[in-house]
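File shown here: my_file-v4.cif, holding mmCIF, C-alpha atoms.
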data_structure
loop_
_atom_site.label_atom_id
_atom_site.label_comp_id
_atom_site.auth_asym_id
_atom_site.auth_seq_id
_atom_site.Cartn_x
_atom_site.Cartn_y
_atom_site.Cartn_z
CA MET A 1 0.00 0.00 0.00
CA SER A 2 1.68 3.20 -1.19
CA SER A 3 -1.14 5.38 0.06
CA LEU A 4 -2.85 6.49 3.24
CA HIS A 5 -6.20 4.85 3.98
CA VAL A 6 -8.52 7.44 5.54
CA ASP A 7 -10.27 6.28 8.72
CA LYS A 8 -11.87 9.58 9.70
CA ALA A 9 -11.64 13.32 8.98
CA LEU A 10 -11.44 15.24 12.27
CA ASN A 11 -11.82 18.57 10.51
CA ASN A 12 -10.77 20.24 7.24
CA ASN A 13 -7.09 20.11 8.20
CA VAL A 14 -6.70 16.88 10.19
CA ILE A 15 -7.45 13.23 9.46
CA ILE A 16 -6.88 9.86 11.12
CA ALA A 17 -5.49 7.38 8.62
CA GLN A 18 -3.70 4.07 8.22
CA HIS A 19 -0.09 4.39 7.11
CA PRO A 20 1.67 1.47 5.34
CA GLU A 21 4.63 1.63 7.76
CA HIS A 22 3.37 3.34 10.93
CA GLY A 23 -0.17 1.97 11.29
CA GLU A 24 -2.70 4.48 12.65
CA VAL A 25 -1.46 8.05 12.28
CA VAL A 26 -2.81 11.57 12.63
CA VAL A 27 -2.12 13.58 9.47
CA ILE A 28 -2.12 17.39 9.58
CA GLY A 29 -2.21 19.49 6.42
CA LYS A 30 -4.09 22.35 4.85
CA GLY A 31 -7.42 21.09 3.47
CA ILE A 32 -6.46 17.40 3.83
CA GLY A 33 -9.77 16.57 5.58
CA PHE A 34 -12.02 18.52 3.22
CA ASN A 35 -14.70 16.21 1.73
CA ARG A 36 -12.75 13.12 2.86
CA LYS A 37 -14.72 9.96 3.52
CA PRO A 38 -13.67 6.79 5.37
CA SER A 39 -11.88 4.36 3.03
CA ASP A 40 -10.61 7.18 0.75
CA HIS A 41 -7.00 6.68 -0.34
CA ILE A 42 -4.42 9.46 -0.45
CA PRO A 43 -1.14 8.75 -2.32
CA LEU A 44 1.88 9.08 -0.01
CA MET A 45 3.43 11.43 -2.58
CA ALA A 46 0.59 13.87 -1.82
CA VAL A 47 1.39 14.03 1.91
CA GLU A 48 5.03 15.09 1.51
CA LYS A 49 4.25 18.59 2.74
CA MET A 50 2.01 17.39 5.54
CA PHE A 51 2.86 16.36 9.06
CA ILE A 52 2.30 12.86 10.37
CA LEU A 53 2.05 12.19 14.11
CA LYS A 54 3.37 8.65 14.54
CA ASN A 55 3.74 8.50 18.33
CA GLN A 56 0.55 7.10 19.87
CA GLN A 57 0.71 9.30 22.96
CA GLU A 58 1.17 12.42 20.81
CA GLN A 59 -1.78 11.33 18.63
CA GLU A 60 -4.11 10.93 21.61
CA GLN A 61 -3.09 14.28 23.13
CA TYR A 62 -3.60 16.03 19.79
CA LYS A 63 -7.05 14.44 19.30
CA GLN A 64 -8.09 15.62 22.78
CA LEU A 65 -6.81 19.12 22.07
CA LEU A 66 -8.51 19.61 18.67
CA PRO A 67 -12.12 20.19 19.83
CA GLN A 68 -10.92 23.03 22.09
CA VAL A 69 -9.10 24.91 19.31
CA ASP A 70 -10.41 27.23 16.58
CA GLU A 71 -9.88 25.54 13.21
CA ALA A 72 -8.44 28.76 11.78
CA LEU A 73 -5.69 28.49 14.39
CA ILE A 74 -4.98 24.84 13.42
CA GLU A 75 -4.38 26.05 9.86
CA ILE A 76 -2.11 28.90 11.01
CA ILE A 77 -0.05 26.61 13.27
CA ASN A 78 0.35 24.19 10.36
CA GLU A 79 1.69 27.03 8.19
CA VAL A 80 4.00 28.18 10.98
CA ILE A 81 5.44 24.68 11.46
CA THR A 82 5.93 24.32 7.70
CA TYR A 83 7.74 27.68 7.73
CA ILE A 84 9.99 26.49 10.61
CA ALA A 85 10.66 23.09 8.97
CA GLU A 86 11.75 24.79 5.72
CA ARG A 87 14.23 27.01 7.59
CA THR A 88 15.97 24.45 9.77
CA ASP A 89 18.18 21.52 8.84
CA VAL A 90 17.13 19.40 11.84
CA PRO A 91 13.94 17.33 12.10
CA LEU A 92 11.37 18.86 14.45
CA ASN A 93 10.10 16.85 17.38
CA GLU A 94 6.46 16.08 16.51
CA HIS A 95 5.37 17.29 19.96
CA ILE A 96 5.63 20.84 18.57
CA HIS A 97 2.14 20.40 17.06
CA ILE A 98 0.60 19.88 20.50
CA ALA A 99 2.86 22.27 22.41
CA LEU A 100 2.49 25.20 20.01
CA THR A 101 -1.24 24.69 19.39
CA ASP A 102 -1.96 24.41 23.11
CA HIS A 103 0.27 27.36 24.06
CA ILE A 104 -1.02 29.79 21.40
CA SER A 105 -4.64 28.77 21.93
CA PHE A 106 -4.27 29.52 25.65
CA ALA A 107 -2.44 32.80 24.90
CA LEU A 108 -5.36 33.90 22.70
CA LYS A 109 -7.84 33.10 25.50
CA ARG A 110 -5.72 35.05 28.01
CA LYS A 111 -5.60 38.02 25.63
CA GLU A 112 -9.39 37.90 25.26
CA GLN A 113 -9.76 37.98 29.06
CA GLY A 114 -7.24 40.82 29.42
CA ILE A 115 -4.73 38.69 31.33
CA VAL A 116 -1.14 39.77 30.63
CA ILE A 117 1.81 37.51 31.46
CA GLN A 118 5.22 39.15 31.26
CA ASN A 119 8.09 37.12 29.86
CA PRO A 120 11.04 37.26 32.28
CA PHE A 121 13.39 35.77 29.63
CA LEU A 122 12.46 38.01 26.69
CA TYR A 123 15.79 39.82 26.18
CA GLU A 124 17.82 36.68 26.91
CA THR A 125 15.73 34.63 24.46
CA ARG A 126 16.12 37.20 21.69
CA GLU A 127 19.91 37.28 22.17
CA ILE A 128 20.52 33.57 22.75
CA TYR A 129 18.09 32.14 20.16
CA PRO A 130 17.95 34.77 17.37
CA GLU A 131 16.83 32.38 14.59
CA GLU A 132 14.09 30.86 16.74
CA TYR A 133 13.03 34.38 17.79
CA ARG A 134 12.72 35.44 14.14
CA MET A 135 10.56 32.39 13.36
CA ALA A 136 8.41 33.08 16.44
CA ASP A 137 8.00 36.69 15.30
CA TYR A 138 6.67 35.35 11.98
CA ALA A 139 4.15 33.19 13.87
CA VAL A 140 2.87 36.09 16.00
CA ARG A 141 2.63 38.37 12.94
CA LEU A 142 0.67 35.70 11.03
CA ILE A 143 -1.80 35.36 13.93
CA LYS A 144 -2.27 39.14 14.00
CA GLU A 145 -2.77 39.25 10.22
CA ARG A 146 -5.24 36.32 10.08
CA MET A 147 -7.05 36.55 13.42
CA GLY A 148 -6.70 40.26 14.22
CA VAL A 149 -5.08 39.57 17.61
CA ASP A 150 -1.66 40.98 18.52
CA LEU A 151 -0.11 38.66 21.12
CA GLY A 152 2.84 41.04 21.60
CA MET A 153 6.59 40.68 22.14
CA ASP A 154 6.37 38.64 25.33
CA GLU A 155 4.63 35.86 23.41
CA ILE A 156 7.28 35.96 20.67
CA GLY A 157 9.79 35.00 23.37
CA PHE A 158 7.61 32.15 24.68
CA VAL A 159 6.99 30.78 21.17
CA ALA A 160 10.74 30.96 20.40
CA LEU A 161 11.44 28.67 23.37
CA HIS A 162 8.89 26.15 22.05
CA ILE A 163 10.61 26.24 18.63
CA TYR A 164 14.03 25.75 20.22
CA SER A 165 12.61 22.87 22.28
CA ALA A 166 11.33 21.12 19.11
CA MET A 167 14.59 21.68 17.24
CA THR A 168 16.78 20.28 20.03
CA ASN A 169 14.45 17.53 21.30
CA GLN A 170 14.47 19.09 24.75
CA ASN A 171 11.42 19.27 26.95
CA ILE A 172 10.07 22.85 27.12
CA SER A 173 10.46 22.80 30.91
CA GLN A 174 14.19 22.06 30.43
CA VAL A 175 14.47 24.97 28.00
CA ARG A 176 12.73 27.30 30.47
CA GLU A 177 14.99 26.11 33.31
CA HIS A 178 17.99 26.77 31.06
CA SER A 179 16.75 30.31 30.32
CA GLN A 180 16.02 30.94 34.01
CA LEU A 181 19.52 29.75 34.92
CA ILE A 182 21.12 32.15 32.43
CA THR A 183 19.00 35.01 33.84
CA ASP A 184 20.05 34.11 37.39
CA LEU A 185 23.73 33.90 36.41
CA VAL A 186 23.55 37.33 34.74
CA ASN A 187 21.88 38.77 37.87
CA LEU A 188 24.62 37.25 40.03
CA VAL A 189 27.29 38.90 37.87
CA SER A 190 25.40 42.20 37.98
CA ASP A 191 25.13 42.07 41.79
CA GLN A 192 28.73 41.05 42.37
CA LEU A 193 30.15 43.67 40.02
CA ASP A 194 27.59 46.26 41.12
CA TYR A 195 27.00 46.86 37.43
CA SER A 196 23.64 47.33 35.75
CA PHE A 197 23.69 45.94 32.22
CA GLU A 198 22.01 47.75 29.36
CA THR A 199 19.99 44.93 27.80
CA GLU A 200 20.69 46.23 24.29
CA SER A 201 24.45 46.55 24.88
CA LEU A 202 27.19 44.46 23.29
CA ASP A 203 28.56 43.58 26.75
CA TYR A 204 25.22 42.07 27.75
CA SER A 205 24.97 40.16 24.46
CA ARG A 206 28.52 38.80 24.84
CA LEU A 207 27.89 37.64 28.41
CA LEU A 208 24.67 35.86 27.41
CA THR A 209 26.38 34.18 24.47
CA HIS A 210 29.30 33.05 26.61
CA LEU A 211 27.01 31.62 29.31
CA ARG A 212 24.80 29.94 26.71
CA PHE A 213 27.73 28.13 25.10
CA ALA A 214 29.15 27.20 28.51
CA LEU A 215 25.81 25.64 29.51
CA GLU A 216 25.52 23.83 26.18
CA ARG A 217 29.04 22.38 26.64
CA VAL A 218 28.12 21.20 30.15
CA ARG A 219 24.83 19.70 28.95
CA ARG A 220 26.55 17.80 26.15
CA GLY A 221 29.47 16.78 28.38
CA ASP A 222 32.04 18.38 26.02
CA LYS A 223 35.54 18.30 27.44
CA VAL A 224 37.14 21.73 27.68
CA GLU A 225 40.91 21.77 27.44
CA GLU A 226 42.53 23.00 30.66
CA LEU A 227 44.99 25.89 30.50
CA HIS A 228 47.04 25.18 33.64
CA LYS A 229 49.55 28.06 33.37
CA LEU A 230 46.90 30.56 32.33
CA ASP A 231 44.56 29.34 35.08
CA SER A 232 47.20 29.98 37.76
CA LEU A 233 47.97 33.39 36.30
CA LEU A 234 44.29 34.41 36.20
CA LYS A 235 43.80 33.28 39.79
CA LEU A 236 46.78 35.43 40.85
CA GLU A 237 46.07 38.49 38.69
CA TYR A 238 42.28 38.68 38.99
CA PRO A 239 41.32 36.96 42.28
CA GLU A 240 37.89 38.62 42.56
CA MET A 241 36.86 37.75 39.01
CA TYR A 242 38.28 34.23 39.41
CA SER A 243 36.25 33.78 42.60
CA LEU A 244 33.09 35.02 40.85
CA ALA A 245 33.70 32.67 37.90
CA TRP A 246 34.14 29.76 40.32
CA LYS A 247 30.87 30.72 42.04
CA LEU A 248 29.04 30.80 38.67
CA THR A 249 30.29 27.32 37.74
CA LYS A 250 29.15 25.97 41.12
CA VAL A 251 25.65 27.40 40.48
CA MET A 252 25.68 25.68 37.04
CA GLU A 253 26.69 22.36 38.59
CA LYS A 254 24.02 22.54 41.25
CA ARG A 255 21.19 23.53 38.90
CA LEU A 256 22.13 21.29 35.96
CA LYS A 257 23.18 18.40 38.24
CA LEU A 258 26.13 17.90 35.90
CA PRO A 259 29.89 18.38 36.40
CA VAL A 260 31.51 21.55 35.02
CA TYR A 261 35.09 21.22 33.79
CA PRO A 262 37.52 23.42 35.81
CA ALA A 263 38.71 25.08 32.58
CA GLU A 264 35.34 26.87 32.34
CA VAL A 265 36.40 28.95 35.38
CA GLY A 266 39.39 30.32 33.48
CA TYR A 267 37.40 31.20 30.37
CA LEU A 268 34.72 32.89 32.47
CA THR A 269 37.36 34.84 34.42
CA ILE A 270 38.70 36.36 31.19
CA HIS A 271 35.20 37.39 30.17
CA LEU A 272 34.33 38.82 33.59
CA GLN A 273 37.59 40.76 33.76
CA ARG A 274 36.77 42.45 30.47
CA LEU A 275 33.35 43.41 31.86
CA ASN A 276 34.90 44.70 35.08
CA GLN A 277 37.41 46.75 33.14
CA ARG A 278 34.58 48.30 31.12
CA LYS A 279 32.73 49.17 34.33
CA GLU A 280 35.86 50.85 35.79
CA GLU A 281 36.39 52.85 32.61
CA GLU A 282 32.79 54.07 32.71
CA ASN A 283 33.15 55.14 36.35
CA LYS A 284 36.25 57.27 35.71
#
Let me see the file written as C-alpha cells.
Amino acid sequence: MSSLHVDKALNNNVIIAQHPEHGEVVVIGKGIGFNRKPSDHIPLMAVEKMFILKNQQEQEQYKQLLPQVDEALIEIINEVITYIAERTDVPLNEHIHIALTDHISFALKRKEQGIVIQNPFLYETREIYPEEYRMADYAVRLIKERMGVDLGMDEIGFVALHIYSAMTNQNISQVREHSQLITDLVNLVSDQLDYSFETESLDYSRLLTHLRFALERVRRGDKVEELHKLDSLLKLEYPEMYSLAWKLTKVMEKRLKLPVYPAEVGYLTIHLQRLNQRKEEENK
C-alpha cells in the first residue's frame, strides 16, 4: 500500500489514517480533511508537505486538544510549522504540534480575558536564540494578520522557546529552566560587580552568548581543554573575578546536576575581567 487509507476526517485540516509503515497516524495538512470519507486513499506522494504524528501518545493528546481549538488556528499553526521546517536543517520533534497549538490557543484566550503575562526571559531569548526568535516573530505576525489579535513581544519570546525545544528535542520545561539559569547567572554577575547591564548593549549580548555556550558544553558533556599556566595566572592576577567565575560554575553544577570542567572557570574569568574593566572605565 503506497497510500494512506482514511479512517476519519477530524476537521478540514486533520485526518486519522492508516499508514503502510506506521499503522494508525494523525495527518495534519491544509485542506487534507475537506470532503474526505472513510476508506478514501491518499497517495503518499501527496502528503510530503504534511505532518504525520506517529507516536501514539502524541496522537491521543492532539485528538483531545482539537475540539478546544479554533480551526483557523490549526491552519495557522500548520503554516508556521511548515515555515519552521523549511528554515531548519534538523527534524522537528512532533510534539511541537501539540505544544504550540496548546500554548497559542491559551495565549489567545488570556488576551481575550485581558490577562497579561510578562516574559522574564524576553531579552535573553532574543539574544541567545535569534533564529528561533525570528521564526516566532513570523508566527505572531501571522496570527495578527489572520485573526486580528496581537499577542505582543512577550509571546514571541515564549513561542521561540517552544521552537528551540522542538529543534533540540528538549522538553520545554528544560528549556525554560535553562533560560532561568542564564537570567540568574547574569543577575549574580550584575550584583557582584555592582554593574547594571544595558539589555541592548554588546557587553550584555557577549555575556549571554558566553554563558549559553558554557551551559551547552556542560549539557553535552564536552571536554574543555585546561589551561594550567593561564589558570594559575588568572587566579593570581584577577582573584575577585576568578572567585566570581568559580561561584558561577558551582551554580551551574548545582542547577544542571552535571559536572563543570575546571577550565570553564578560566574562560569565564577572562570574560568577567573584560566586563569589570569596562565598568571601571565608565566610572572614571
Problem - Exercise: residues within 12 Å of coordinate (-5.8, 14.1, 7.1), counting all atoms listed in the file, as JSON, numbers by chain - result: {"A": [4, 5, 6, 7, 8, 9, 10, 11, 12, 13, 14, 15, 16, 17, 18, 19, 24, 25, 26, 27, 28, 29, 30, 31, 32, 33, 34, 35, 36, 37, 38, 40, 41, 42, 43, 44, 46, 47, 49, 50, 51, 52, 53]}
Practice task
Choose the residue, out of A:Glu131, A:Leu73, A:Leu233, A:Leu193, that has the smallest atom-to-atom separation from Gly148 in chain A; count only C-alpha atoms.
Solution key: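 Checking each of A:Glu131, A:Leu73, A:Leu233, A:Leu193 against Gly148 in chain A, counting only C-alpha atoms, the winner is A:Leu73.
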Practice task
Can you give me, as a ChimeraX atom specification, the residues this file yields under the PyMOL selection byres ((chain A and resi 246) around 9)?
Solution key: /A:241-245,247-251,262,264-266,268-269
What does the file look like for those residues with C-alpha atoms, as an mmCIF file, in the coordinates of the input?
data_model
loop_
_atom_site.group_PDB
_atom_site.id
_atom_site.type_symbol
_atom_site.label_atom_id
_atom_site.label_comp_id
_atom_site.auth_asym_id
_atom_site.auth_seq_id
_atom_site.Cartn_x
_atom_site.Cartn_y
_atom_site.Cartn_z
ATOM 1 C CA MET A 241 36.860 37.750 39.010
ATOM 2 C CA TYR A 242 38.280 34.230 39.410
ATOM 3 C CA SER A 243 36.250 33.780 42.600
ATOM 4 C CA LEU A 244 33.090 35.020 40.850
ATOM 5 C CA ALA A 245 33.700 32.670 37.900
ATOM 6 C CA LYS A 247 30.870 30.720 42.040
ATOM 7 C CA LEU A 248 29.040 30.800 38.670
ATOM 8 C CA THR A 249 30.290 27.320 37.740
ATOM 9 C CA LYS A 250 29.150 25.970 41.120
ATOM 10 C CA VAL A 251 25.650 27.400 40.480
ATOM 11 C CA PRO A 262 37.520 23.420 35.810
ATOM 12 C CA GLU A 264 35.340 26.870 32.340
ATOM 13 C CA VAL A 265 36.400 28.950 35.380
ATOM 14 C CA GLY A 266 39.390 30.320 33.480
ATOM 15 C CA LEU A 268 34.720 32.890 32.470
ATOM 16 C CA THR A 269 37.360 34.840 34.420
#
Exercise for the section: Rounded to one decimal place, report the CA of His95 in chain A-CA of Glu79 in chain A distance in Å. Expected result: 15.7 Å
Exercise for the section: Considering only C-alpha atoms, state which residue in the set A:Val260, A:Met167, A:Ile76, A:Leu185 is at the smallest distance from Arg220 in chain A. Expected result: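 Ranking A:Val260, A:Met167, A:Ile76, A:Leu185 by distance to Arg220 in chain A, first place goes to A:Val260.
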Practice task
For CA of Val189 in chain A and CA of Thr168 in chain A, determine how far apart the two atoms are, in Å to one decimal place.
Solution key: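 Pair CA of Val189 in chain A / CA of Thr168 in chain A returns 27.8 Å.
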Practice task
Would you translate the PyMOL selection byres ((chain A and resi 214) around 10) into the concrete set of residues it matches in this file, as an MDAnalysis selection string?
Solution key: chainID A and resid 208:213 215:219 222 224 249 252 260:261 264 267:268
Practice task
Point out the residue among A:Ala160, A:Leu188, A:Leu66, A:Val116 with the least atom-to-atom distance to Ile172 in chain A, counting all atoms listed in the file.
Solution key: A:Ala160
Fill in the blank from the handout: Across A:Met147, A:Ser2, A:Thr88, A:Ile128, the smallest distance to Asp70 in chain A, with all atoms listed in the file counted, is shown by A:Met147
